[in-house]
file final.pdb (PDB, C-alpha atoms)
ATOM      1  CA  MET H 291       4.430   3.886  -2.769
ATOM      2  CA  GLY H 292       2.823   0.675  -1.581
ATOM      3  CA  ASP H 293       6.098  -1.243  -1.838
ATOM      4  CA  VAL H 294       7.844   1.390   0.278
ATOM      5  CA  VAL H 295       5.171   1.240   2.975
ATOM      6  CA  LEU H 296       5.280  -2.561   3.119
ATOM      7  CA  THR H 297       9.040  -2.616   3.758
ATOM      8  CA  SER H 298       8.221  -1.181   7.192
ATOM      9  CA  CYS H 299       7.452  -4.745   8.299
ATOM     10  CA  LEU H 300      11.244  -5.174   8.518
ATOM     11  CA  PHE H 301      11.966  -2.363  10.978
ATOM     12  CA  GLU H 302      11.087  -4.095  14.242
ATOM     13  CA  PRO H 303      12.856  -7.417  13.571
ATOM     14  CA  LEU H 304      15.969  -5.602  12.373
ATOM     15  CA  ILE H 305      16.026  -3.367  15.449
ATOM     16  CA  LYS H 306      15.641  -6.418  17.698
ATOM     17  CA  ARG H 307      18.747  -7.858  16.033
ATOM     18  CA  GLY H 308      20.715  -4.718  16.797
ATOM     19  CA  PHE H 309      20.540  -2.986  13.416
ATOM     20  CA  LYS H 310      19.626   0.647  12.721
ATOM     21  CA  PRO H 311      17.392   0.551   9.603
ATOM     22  CA  HIS H 312      18.074   3.007   6.781
ATOM     23  CA  LEU H 313      15.525   3.126   3.969
ATOM     24  CA  LEU H 314      16.611   4.088   0.451
ATOM     25  CA  THR H 315      13.683   5.369  -1.602
ATOM     26  CA  TYR H 316      12.747   7.905  -4.218
ATOM     27  CA  THR H 317      11.237  11.316  -3.522
ATOM     28  CA  PRO H 318       8.571  11.949  -2.191
ATOM     29  CA  TYR H 319       7.971   8.608  -0.471
ATOM     30  CA  GLY H 320      10.466   9.231   2.316
ATOM     31  CA  GLU H 321       7.961  11.661   3.812
ATOM     32  CA  ILE H 322       5.910   8.679   4.995
ATOM     33  CA  PHE H 323       8.496   8.034   7.719
ATOM     34  CA  LYS H 324       9.133  11.640   8.730
ATOM     35  CA  ASP H 325       7.643  11.057  12.222
ATOM     36  CA  ASP H 326       9.110   7.567  12.610
ATOM     37  CA  PRO H 327      12.155   7.443  14.930
ATOM     38  CA  ARG H 328      12.914   3.818  14.057
ATOM     39  CA  VAL H 329      14.278   4.477  10.583
ATOM     40  CA  GLU H 330      16.556   6.956   8.832
ATOM     41  CA  VAL H 331      15.456   7.709   5.279
ATOM     42  CA  ILE H 332      17.829   8.225   2.366
ATOM     43  CA  GLU H 333      15.581   9.936  -0.168
ATOM     44  CA  LEU H 334      16.841  10.555  -3.697
ATOM     45  CA  ARG H 335      15.443  11.621  -7.040
ATOM     46  CA  LYS H 336      15.554   8.930  -9.704
ATOM     47  CA  ASP H 337      18.341  10.730 -11.570
ATOM     48  CA  GLU H 338      20.456  10.901  -8.396
ATOM     49  CA  LEU H 339      20.652   7.210  -7.545
ATOM     50  CA  PHE H 340      24.021   6.411  -9.080
ATOM     51  CA  LYS H 341      25.473   9.845  -8.260
ATOM     52  CA  ASN H 342      25.372   9.247  -4.491
ATOM     53  CA  LEU H 343      27.189   5.947  -4.136
ATOM     54  CA  GLU H 344      29.482   7.188  -1.337
ATOM     55  CA  ARG H 345      26.398   7.879   0.754
ATOM     56  CA  LEU H 346      25.269   4.289   0.263
ATOM     57  CA  LYS H 347      28.524   2.542   1.172
ATOM     58  CA  GLY H 348      29.626   1.044   4.462
ATOM     59  CA  PHE H 349      26.470  -0.692   5.713
ATOM     60  CA  ASP H 350      26.715  -4.068   7.456
ATOM     61  CA  LEU H 351      23.725  -5.498   5.606
ATOM     62  CA  TYR H 352      21.888  -4.556   2.421
ATOM     63  CA  LEU H 353      18.335  -5.808   1.842
ATOM     64  CA  ASP H 354      17.194  -5.738  -1.783
ATOM     65  CA  MET H 355      13.406  -5.431  -1.719
ATOM     66  CA  HIS H 356      13.088  -4.736  -5.441
ATOM     67  CA  LYS H 357      15.299  -7.264  -7.244
ATOM     68  CA  ASN H 358      15.376  -5.274 -10.456
ATOM     69  CA  LEU H 359      18.130  -4.079 -12.788
ATOM     70  CA  LYS H 360      18.895  -0.965 -10.736
ATOM     71  CA  THR H 361      19.357  -2.867  -7.499
ATOM     72  CA  PHE H 362      21.484  -5.447  -9.338
ATOM     73  CA  MET H 363      23.744  -2.603 -10.488
ATOM     74  CA  LEU H 364      23.904  -1.269  -6.917
ATOM     75  CA  ARG H 365      25.070  -4.665  -5.711
ATOM     76  CA  LEU H 366      27.921  -4.630  -8.183
ATOM     77  CA  LEU H 367      28.924  -1.052  -7.419
ATOM     78  CA  LEU H 368      28.575  -1.072  -3.629
ATOM     79  CA  GLY H 369      29.741  -4.548  -2.711
ATOM     80  CA  GLY H 370      28.973  -5.693   0.836
ATOM     81  CA  PHE H 371      26.646  -8.388   2.148
ATOM     82  CA  TRP H 372      23.258  -8.525   0.432
ATOM     83  CA  ARG H 373      20.042 -10.448   0.930
ATOM     84  CA  SER H 374      16.893 -10.379  -1.181
ATOM     85  CA  TYR H 375      13.414 -11.803  -1.004
ATOM     86  CA  PRO H 376      11.629 -14.573  -2.961
ATOM     87  CA  LYS H 377       9.883 -12.380  -5.519
ATOM     88  CA  GLU H 378       8.225 -15.194  -7.502
ATOM     89  CA  SER H 379       8.475 -13.043 -10.627
ATOM     90  CA  ILE H 380       8.032 -15.879 -13.106
ATOM     91  CA  ARG H 381       5.155 -17.498 -11.220
ATOM     92  CA  ARG H 382       3.325 -14.180 -10.837
ATOM     93  CA  ARG H 383       3.664 -13.373 -14.528
ATOM     94  CA  LEU H 384       2.502 -16.817 -15.571
ATOM     95  CA  ALA H 385      -0.485 -16.507 -13.217
ATOM     96  CA  ILE H 386      -1.887 -13.935 -15.632
ATOM     97  CA  LYS H 387      -2.384 -16.744 -18.157
ATOM     98  CA  PHE H 388      -2.660 -19.883 -16.046
ATOM     99  CA  LYS H 389      -5.298 -20.114 -13.312
ATOM    100  CA  ALA H 390      -3.505 -23.020 -11.605
ATOM    101  CA  LEU H 391      -0.627 -20.671 -10.753
ATOM    102  CA  ARG H 392      -2.831 -18.160  -8.892
ATOM    103  CA  THR H 393      -1.601 -19.386  -5.542
ATOM    104  CA  SER H 394      -1.482 -17.609  -2.196
ATOM    105  CA  TYR H 395       1.432 -15.176  -1.947
ATOM    106  CA  SER H 396       2.270 -12.209   0.290
ATOM    107  CA  VAL H 397       4.953  -9.629  -0.396
ATOM    108  CA  VAL H 398       5.077  -8.889   3.340
ATOM    109  CA  ASP H 399       5.784 -12.521   4.229
ATOM    110  CA  SER H 400       8.370 -12.672   1.454
ATOM    111  CA  TYR H 401      10.147  -9.544   2.702
ATOM    112  CA  LEU H 402      10.368 -11.136   6.141
ATOM    113  CA  ARG H 403      11.739 -14.383   4.734
ATOM    114  CA  ALA H 404      14.722 -12.402   3.474
ATOM    115  CA  ILE H 405      15.865 -12.104   7.098
ATOM    116  CA  GLY H 406      14.425 -15.374   8.379
ATOM    117  CA  GLU H 407      11.466 -13.812  10.207
ATOM    118  CA  LYS H 408       7.687 -14.116  10.096
ATOM    119  CA  GLY H 409       4.596 -12.651  11.696
ATOM    120  CA  TYR H 410       5.507  -8.950  11.593
ATOM    121  CA  ARG H 411       3.259  -6.447   9.849
ATOM    122  CA  PRO H 412       3.809  -3.070   8.134
ATOM    123  CA  SER H 413       3.773  -0.174  10.581
ATOM    124  CA  ILE H 414       4.136   3.593  10.407
ATOM    125  CA  ILE H 415       4.585   5.749  13.494
ATOM    126  CA  LEU H 416       2.810   9.115  13.443
ATOM    127  CA  SER H 417       3.553  11.768  16.054
ATOM    128  CA  GLU H 418       0.949  12.560  18.702
ATOM    129  CA  ASN H 419       1.285  16.240  17.830
ATOM    130  CA  ARG H 420       0.303  15.520  14.244
ATOM    131  CA  LEU H 421      -2.631  13.321  15.208
ATOM    132  CA  ASN H 422      -3.912  15.797  17.808
ATOM    133  CA  ARG H 423      -3.696  18.668  15.317
ATOM    134  CA  LEU H 424      -5.596  16.711  12.672
ATOM    135  CA  LYS H 425      -8.153  15.530  15.222
ATOM    136  CA  GLN H 426      -8.876  19.115  16.266
ATOM    137  CA  ILE H 427      -9.446  20.144  12.650
ATOM    138  CA  TYR H 428     -11.174  17.096  11.181
ATOM    139  CA  GLY H 429     -12.368  15.039  14.128
ATOM    140  CA  GLU H 430     -12.251  11.249  14.077
ATOM    141  CA  GLY H 431     -14.439   8.175  13.740
ATOM    142  CA  PHE H 432     -15.375   8.718  10.075
ATOM    143  CA  VAL H 433     -14.891   6.380   7.108
ATOM    144  CA  ALA H 434     -12.057   7.404   4.790
ATOM    145  CA  ILE H 435     -12.454   6.549   1.098
ATOM    146  CA  SER H 436      -9.654   6.809  -1.453
ATOM    147  CA  PRO H 437     -10.893   6.447  -5.055
ATOM    148  CA  GLY H 438      -7.440   6.778  -6.606
ATOM    149  CA  ALA H 439      -5.176   4.218  -8.248
ATOM    150  CA  ARG H 440      -2.527   4.589 -10.901
ATOM    151  CA  TYR H 441      -4.398   2.699 -13.621
ATOM    152  CA  LYS H 442      -8.051   2.642 -14.669
ATOM    153  CA  LYS H 443      -8.313  -1.144 -14.325
ATOM    154  CA  LYS H 444      -7.644  -0.733 -10.609
ATOM    155  CA  ARG H 445     -10.097   2.133  -9.967
ATOM    156  CA  TYR H 446     -13.481   1.117  -8.585
ATOM    157  CA  PRO H 447     -16.083   3.403 -10.225
ATOM    158  CA  HIS H 448     -18.842   3.390  -7.569
ATOM    159  CA  PHE H 449     -17.288   5.049  -4.526
ATOM    160  CA  VAL H 450     -19.870   7.851  -4.506
ATOM    161  CA  LYS H 451     -22.658   5.287  -4.263
ATOM    162  CA  VAL H 452     -20.784   3.559  -1.442
ATOM    163  CA  ALA H 453     -20.521   6.902   0.352
ATOM    164  CA  GLU H 454     -24.236   7.534  -0.157
ATOM    165  CA  ARG H 455     -25.115   4.143   1.338
ATOM    166  CA  LEU H 456     -22.929   4.869   4.357
ATOM    167  CA  ARG H 457     -24.385   8.338   4.814
ATOM    168  CA  GLU H 458     -27.861   6.791   4.854
ATOM    169  CA  LYS H 459     -26.655   4.775   7.856
ATOM    170  CA  GLY H 460     -25.468   7.919   9.624
ATOM    171  CA  ILE H 461     -21.791   7.348   8.813
ATOM    172  CA  ARG H 462     -19.614  10.366   8.081
ATOM    173  CA  VAL H 463     -17.453   9.924   4.948
ATOM    174  CA  VAL H 464     -14.212  11.738   4.081
ATOM    175  CA  PHE H 465     -12.511  11.351   0.699
ATOM    176  CA  VAL H 466      -8.694  11.356   0.629
ATOM    177  CA  GLY H 467      -6.074  11.117  -2.090
ATOM    178  CA  ALA H 468      -4.039  13.138  -4.537
ATOM    179  CA  GLN H 469      -5.140  16.183  -6.495
ATOM    180  CA  GLY H 470      -7.684  15.233  -9.151
ATOM    181  CA  GLU H 471      -8.519  11.813  -7.723
ATOM    182  CA  CYS H 472     -11.774  12.862  -6.085
ATOM    183  CA  GLU H 473     -13.599  14.650  -8.876
ATOM    184  CA  GLY H 474     -17.353  14.183  -8.788
ATOM    185  CA  MET H 475     -17.471  13.713  -5.022
ATOM    186  CA  ASP H 476     -19.724  16.740  -4.536
ATOM    187  CA  GLY H 477     -21.676  16.734  -1.310
ATOM    188  CA  PHE H 478     -18.991  14.912   0.666
ATOM    189  CA  GLU H 479     -15.936  16.094   2.583
ATOM    190  CA  ASN H 480     -13.154  16.100   0.006
ATOM    191  CA  LEU H 481      -9.546  16.349   1.214
ATOM    192  CA  CYS H 482      -7.946  15.142  -2.023
ATOM    193  CA  GLY H 483      -4.908  17.241  -2.861
ATOM    194  CA  LYS H 484      -5.324  19.377   0.283
ATOM    195  CA  LEU H 485      -2.997  17.496   2.634
ATOM    196  CA  SER H 486       0.589  16.333   2.704
ATOM    197  CA  LEU H 487       1.189  12.622   2.302
ATOM    198  CA  LEU H 488       1.917  12.260   6.012
ATOM    199  CA  ASP H 489      -1.171  14.237   7.045
ATOM    200  CA  THR H 490      -3.204  12.007   4.735
ATOM    201  CA  ALA H 491      -1.790   9.040   6.650
ATOM    202  CA  GLY H 492      -2.907  10.792   9.832
ATOM    203  CA  ILE H 493      -6.457  11.193   8.527
ATOM    204  CA  ILE H 494      -6.522   7.490   7.648
ATOM    205  CA  LYS H 495      -5.274   6.698  11.158
ATOM    206  CA  LEU H 496      -8.178   8.686  12.644
ATOM    207  CA  ALA H 497     -10.746   6.847  10.519
ATOM    208  CA  LYS H 498     -12.821   3.910  11.752
ATOM    209  CA  VAL H 499     -12.424   2.148   8.405
ATOM    210  CA  PHE H 500     -10.592   2.854   5.161
ATOM    211  CA  VAL H 501     -11.988   1.896   1.739
ATOM    212  CA  GLY H 502      -9.803   1.829  -1.343
ATOM    213  CA  ASN H 503      -8.409   0.083  -4.378
ATOM    214  CA  ASP H 504      -5.278  -2.042  -4.653
ATOM    215  CA  SER H 505      -3.201   1.105  -4.144
ATOM    216  CA  GLY H 506      -0.604   2.894  -2.040
ATOM    217  CA  LEU H 507      -3.015   4.494   0.434
ATOM    218  CA  LEU H 508      -4.539   1.088   1.104
ATOM    219  CA  HIS H 509      -1.135  -0.045   2.351
ATOM    220  CA  ILE H 510      -0.807   3.087   4.462
ATOM    221  CA  ALA H 511      -4.092   2.094   6.117
ATOM    222  CA  ARG H 512      -2.571  -1.288   6.929
ATOM    223  CA  ALA H 513       0.522   0.363   8.369
ATOM    224  CA  VAL H 514      -1.403   2.767  10.645
ATOM    225  CA  LYS H 515      -3.597  -0.135  11.827
ATOM    226  CA  THR H 516      -6.892   1.095  10.390
ATOM    227  CA  LYS H 517      -9.156  -1.728   9.226
ATOM    228  CA  ALA H 518      -9.713  -1.583   5.477
ATOM    229  CA  VAL H 519     -11.876  -2.816   2.627
ATOM    230  CA  GLN H 520      -9.678  -3.528  -0.386
ATOM    231  CA  ILE H 521     -11.326  -3.662  -3.826
ATOM    232  CA  TYR H 522      -9.568  -5.553  -6.601
ATOM    233  CA  GLY H 523     -10.005  -4.904 -10.301
ATOM    234  CA  GLY H 524      -7.466  -5.872 -12.934
ATOM    235  CA  THR H 525      -4.990  -7.197 -10.374
ATOM    236  CA  HIS H 526      -5.418 -10.059  -7.893
ATOM    237  CA  PRO H 527      -4.314 -11.197  -4.411
ATOM    238  CA  THR H 528      -2.004 -13.779  -5.988
ATOM    239  CA  LEU H 529       0.331 -10.914  -6.920
ATOM    240  CA  GLY H 530       1.136 -10.393  -3.246
ATOM    241  CA  PHE H 531      -0.477  -7.149  -2.093
ATOM    242  CA  SER H 532      -3.631  -8.389  -0.420
ATOM    243  CA  LEU H 533      -4.693  -7.554   3.119
ATOM    244  CA  PHE H 534      -4.204 -10.177   5.798
ATOM    245  CA  PRO H 535      -7.514 -11.349   7.312
ATOM    246  CA  GLU H 536      -6.928  -9.393  10.526
ATOM    247  CA  GLU H 537      -6.355  -6.206   8.497
ATOM    248  CA  GLY H 538      -9.816  -6.072   6.957
ATOM    249  CA  LYS H 539     -11.805  -7.429   4.025
ATOM    250  CA  VAL H 540     -10.714  -8.177   0.460
ATOM    251  CA  LEU H 541     -13.307  -7.927  -2.315
ATOM    252  CA  VAL H 542     -12.351  -9.670  -5.559
ATOM    253  CA  LYS H 543     -14.611 -11.323  -8.119
ATOM    254  CA  ASN H 544     -12.013 -13.958  -9.070
ATOM    255  CA  LEU H 545     -12.940 -13.863 -12.723
ATOM    256  CA  PRO H 546     -11.024 -16.164 -15.102
ATOM    257  CA  CYS H 547      -9.338 -13.052 -16.546
ATOM    258  CA  GLN H 548      -8.048 -11.790 -13.159
ATOM    259  CA  PRO H 549      -5.283 -10.734 -13.023
ATOM    260  CA  CYS H 550      -5.093  -9.415 -16.567
ATOM    261  CA  THR H 551      -1.728  -7.655 -16.073
ATOM    262  CA  LEU H 552       0.950  -7.535 -13.398
ATOM    263  CA  HIS H 553       0.328  -3.913 -12.366
ATOM    264  CA  GLY H 554      -3.113  -3.153 -13.820
ATOM    265  CA  LYS H 555      -1.849  -1.254 -16.859
ATOM    266  CA  GLY H 556      -3.820  -0.826 -20.059
ATOM    267  CA  LYS H 557      -7.496  -1.140 -20.878
ATOM    268  CA  CYS H 558      -9.916  -3.994 -20.307
ATOM    269  CA  LYS H 559      -9.616  -6.247 -23.366
ATOM    270  CA  TYR H 560     -13.354  -6.930 -23.175
ATOM    271  CA  GLY H 561     -14.237  -3.283 -22.647
ATOM    272  CA  THR H 562     -16.571  -4.169 -19.779
ATOM    273  CA  TYR H 563     -14.361  -3.802 -16.673
ATOM    274  CA  GLU H 564     -16.524  -6.553 -15.189
ATOM    275  CA  CYS H 565     -13.932  -7.171 -12.457
ATOM    276  CA  LEU H 566     -14.881  -3.788 -10.960
ATOM    277  CA  ASN H 567     -18.627  -4.427 -11.134
ATOM    278  CA  ILE H 568     -18.997  -5.054  -7.399
ATOM    279  CA  PRO H 569     -22.299  -3.705  -6.015
ATOM    280  CA  PRO H 570     -21.780  -0.620  -3.827
ATOM    281  CA  GLU H 571     -24.245  -2.133  -1.362
ATOM    282  CA  GLU H 572     -21.832  -5.031  -0.869
ATOM    283  CA  VAL H 573     -18.908  -2.677  -0.259
ATOM    284  CA  ALA H 574     -20.919  -0.579   2.203
ATOM    285  CA  SER H 575     -22.077  -3.732   3.991
ATOM    286  CA  GLU H 576     -18.482  -4.849   4.540
ATOM    287  CA  VAL H 577     -17.595  -1.413   5.890
ATOM    288  CA  LEU H 578     -20.453  -1.597   8.378
ATOM    289  CA  LYS H 579     -19.354  -5.069   9.485
ATOM    290  CA  LEU H 580     -15.846  -3.773  10.217
ATOM    291  CA  ILE H 581     -17.253  -0.805  12.140
ATOM    292  CA  SER H 582     -19.369  -3.212  14.171
ATOM    293  CA  GLN H 583     -16.315  -5.351  14.945
ATOM    294  CA  GLU H 584     -14.400  -2.271  16.080
ATOM    295  CA  GLY H 585     -17.198  -1.494  18.526
ATOM    296  CA  HIS H 586     -16.791  -4.779  20.389
TER     297      HIS H 586
END
call {"tool": "encode", "arguments": {"input": "final.pdb", "output": "structure tokens"}}
result
Amino acid sequence: MGDVVLTSCLFEPLIKRGFKPHLLTYTPYGEIFKDDPRVEVIELRKDELFKNLERLKGFDLYLDMHKNLKTFMLRLLLGGFWRSYPKESIRRRLAIKFKALRTSYSVVDSYLRAIGEKGYRPSIILSENRLNRLKQIYGEGFVAISPGARYKKKRYPHFVKVAERLREKGIRVVFVGAQGECEGMDGFENLCGKLSLLDTAGIIKLAKVFVGNDSGLLHIARAVKTKAVQIYGGTHPTLGFSLFPEEGKVLVKNLPCQPCTLHGKGKCKYGTYECLNIPPEEVASEVLKLISQEGH
């Protein structure tokens, strides 16, 4: 989901050049742009991709933001004019083993280089009706925490303690995410699994600050312009998915073993998950700093 959200950095520059963006993605990620008038979504199931080629033909420009085997096959089958981005696949994979190759890299900047642009940021438009409805039900000005991530090596284990520290400071905390991601969050407002993906984006938009892992909802926070605290575990900013400084705060221990895999799969080879051993007091402190900045 994060990759899909980050492609939204291309909408504005493409529109300024006279294009009408169409986004090809798998179900259910097209829902993210349901309120967004800038883009038309072509949403398919994975087993439908090569059964709908007629629907994908006839565009003036194709932008390949995956550069994998499936998009290579689409190039061959669809023809047309294609551009892709500098993915740095080899460098990123080697960075797992060689510290010297853990250089600065941004997927967002790389997406923009595919069309010769820079400086744009991911953005999602949410309707005022949606935001007003959610505001009436849930209010605003809270801190939204998302404890979920696809793999264990990316899931920070102390979010409850972070929430407790914030509550001690009089900060309201709301947990968001998918069904089953917020177990053990008793005593706090828990919206996990209770909202659509787009309504979850709306809740994040209404928050003062978002706190999460290197995950899809973190990138939604970026796109709805909510300041965020991003916690890294088995992955690392060198892989390209880190917040920009103006988007919030990145917490990463920069251990010699980070990143240990490209996507955070598998178990910690040391069994300690030391990369995720960031004191909850430190996380809460960064949240409070961002709230303070928002107040000025």
call {"tool": "atom_distance", "arguments": {"input": "final.pdb", "atom1": "CA of Ser379 (chain H)", "atom2": "CA of Arg335 (chain H)"}}
result
25.9 Å
call {"tool": "resolve_selection", "arguments": {"input": "final.pdb", "expression": "the PyMOL selection byres ((chain H and resi 422-435) around 6)", "output": "list in words"}}
result
Glu418, Asn419, Arg420, Leu421, Ser436, Arg462, Val463, Val464, Phe465, Leu496, Ala497, Lys498, Val499, Phe500, Val501 and Gly502 of chain H
call {"tool": "closest_residue", "arguments": {"input": "final.pdb", "among": "H:Val450, H:Cys550, H:Leu346, H:Val294", "to": "Lys387 (chain H)", "atoms": "all atoms listed in the file"}}
result
H:Cys550
call {"tool": "closest_residue", "arguments": {"input": "final.pdb", "among": "H:Gly308, H:Gly348, H:Gly530, H:Gly524", "to": "Tyr446 (chain H)", "atoms": "all atoms listed in the file"}}
result
H:Gly524
call {"tool": "residues_around", "arguments": {"input": "final.pdb", "residues": "region 310-325 of chain H", "least_positions_apart": "2", "cutoff": "8 Å", "atoms": "only C-alpha atoms", "output": "NGL selection string"}}
result
:H and (291 or 294-295 or 301 or 304-305 or 308 or 327-336 or 414-417 or 487-488 or 491)
call {"tool": "closest_atom_pairs", "arguments": {"input": "final.pdb", "of": "region 350-389 of chain H", "to": "region 399-402 of chain H", "cutoff": "8 Å", "atoms": "all atoms listed in the file", "output": "CSV"}}
result
residue,atom,partner,partner_atom,distance
H:Met355,CA,H:Tyr401,CA,6.9
H:Ser374,CA,H:Tyr401,CA,7.8
H:Tyr375,CA,H:Tyr401,CA,5.4
H:Pro376,CA,H:Ser400,CA,5.8
H:Lys377,CA,H:Ser400,CA,7.1
call {"tool": "closest_residue", "arguments": {"input": "final.pdb", "among": "H:Ser298, H:Lys557, H:Thr551, H:Leu566", "to": "Pro412 (chain H)", "atoms": "all atoms listed in the file"}}
result
H:Ser298
call {"tool": "residues_around", "arguments": {"input": "final.pdb", "residues": "Cys547 (chain H)", "least_positions_apart": "4", "cutoff": "10 Å", "atoms": "only C-alpha atoms", "output": "VMD selection string"}}
result
chain H and resid 386 to 389 524 to 526 551 558 to 560 564 to 565
call {"tool": "atom_distance", "arguments": {"input": "final.pdb", "atom1": "CA of Lys579 (chain H)", "atom2": "CA of Ser413 (chain H)"}}
result
23.7 Å
call {"tool": "resolve_selection", "arguments": {"input": "final.pdb", "expression": "the PyMOL selection byres ((chain H and resi 352) around 9)", "output": "list in words"}}
result
Phe349, Asp350, Leu351, Leu353, Asp354, Arg365, Gly370, Phe371, Trp372, Arg373 and Ser374 of chain H
call {"tool": "closest_residue", "arguments": {"input": "final.pdb", "among": "H:Ser582, H:Thr562, H:Asn342, H:Ser532", "to": "Asn503 (chain H)", "atoms": "all atoms listed in the file"}}
result
H:Ser532
call {"tool": "resolve_selection", "arguments": {"input": "final.pdb", "expression": "the PyMOL selection byres ((chain H and resi 556) around 8)", "output": "list in words"}}
result
Tyr441, Lys442, Lys443, Gly554, Lys555, Lys557 and Cys558 of chain H
call {"tool": "atom_distance", "arguments": {"input": "final.pdb", "atom1": "CA of Arg383 (chain H)", "atom2": "CA of His356 (chain H)"}}
result
15.7 Å
call {"tool": "axis_aligned_box", "arguments": {"input": "final.pdb", "around": "region 421-432 of chain H", "padding_each_side": "3 Å", "output": "lines of an AutoDock Vina configuration file"}}
result
center_x = -9.0
center_y = 14.2
center_z = 13.9
size_x = 18.7
size_y = 18.0
size_z = 13.7
call {"tool": "build_atoms", "arguments": {"input": "final.pdb", "residues": "region 548-560 of chain H", "atoms": "N, CA, C and O atoms", "output": "tab-separated table (two decimals), in the frame of the given file"}}
result
chain	number	residue	atom	x	y	z
H	548	GLN	N	-8.79	-12.49	-14.21
H	548	GLN	CA	-8.05	-11.79	-13.16
H	548	GLN	C	-6.89	-12.64	-12.67
H	548	GLN	O	-7.10	-13.81	-12.34
H	549	PRO	N	-5.68	-12.08	-12.60
H	549	PRO	CA	-5.28	-10.73	-13.02
H	549	PRO	C	-5.05	-10.70	-14.53
H	549	PRO	O	-4.66	-11.69	-15.12
H	550	CYS	N	-5.30	-9.54	-15.12
H	550	CYS	CA	-5.09	-9.41	-16.57
H	550	CYS	C	-3.71	-8.85	-16.89
H	550	CYS	O	-3.21	-9.04	-18.00
H	551	THR	N	-3.10	-8.13	-15.94
H	551	THR	CA	-1.73	-7.66	-16.07
H	551	THR	C	-1.08	-7.66	-14.69
H	551	THR	O	-1.76	-7.80	-13.68
H	552	LEU	N	0.22	-7.47	-14.66
H	552	LEU	CA	0.95	-7.54	-13.40
H	552	LEU	C	0.66	-6.33	-12.52
H	552	LEU	O	0.57	-6.45	-11.29
H	553	HIS	N	0.51	-5.14	-13.14
H	553	HIS	CA	0.33	-3.91	-12.37
H	553	HIS	C	-1.00	-3.22	-12.64
H	553	HIS	O	-1.26	-2.16	-12.08
H	554	GLY	N	-1.83	-3.78	-13.51
H	554	GLY	CA	-3.11	-3.15	-13.82
H	554	GLY	C	-3.05	-2.15	-14.96
H	554	GLY	O	-3.98	-1.37	-15.15
H	555	LYS	N	-1.98	-2.19	-15.75
H	555	LYS	CA	-1.85	-1.25	-16.86
H	555	LYS	C	-2.82	-1.60	-17.99
H	555	LYS	O	-3.31	-2.71	-18.09
H	556	GLY	N	-3.04	-0.60	-18.85
H	556	GLY	CA	-3.82	-0.83	-20.06
H	556	GLY	C	-5.32	-0.76	-19.86
H	556	GLY	O	-5.81	-0.36	-18.81
H	557	LYS	N	-6.05	-1.17	-20.90
H	557	LYS	CA	-7.50	-1.14	-20.88
H	557	LYS	C	-8.03	-2.56	-20.81
H	557	LYS	O	-7.35	-3.52	-21.18
H	558	CYS	N	-9.26	-2.69	-20.35
H	558	CYS	CA	-9.92	-3.99	-20.31
H	558	CYS	C	-10.08	-4.53	-21.74
H	558	CYS	O	-10.65	-3.85	-22.60
H	559	LYS	N	-9.57	-5.72	-22.00
H	559	LYS	CA	-9.62	-6.25	-23.37
H	559	LYS	C	-11.04	-6.55	-23.81
H	559	LYS	O	-11.32	-6.66	-25.01
H	560	TYR	N	-11.95	-6.69	-22.84
H	560	TYR	CA	-13.35	-6.93	-23.18
H	560	TYR	C	-14.16	-5.63	-23.21
H	560	TYR	O	-15.30	-5.61	-23.68
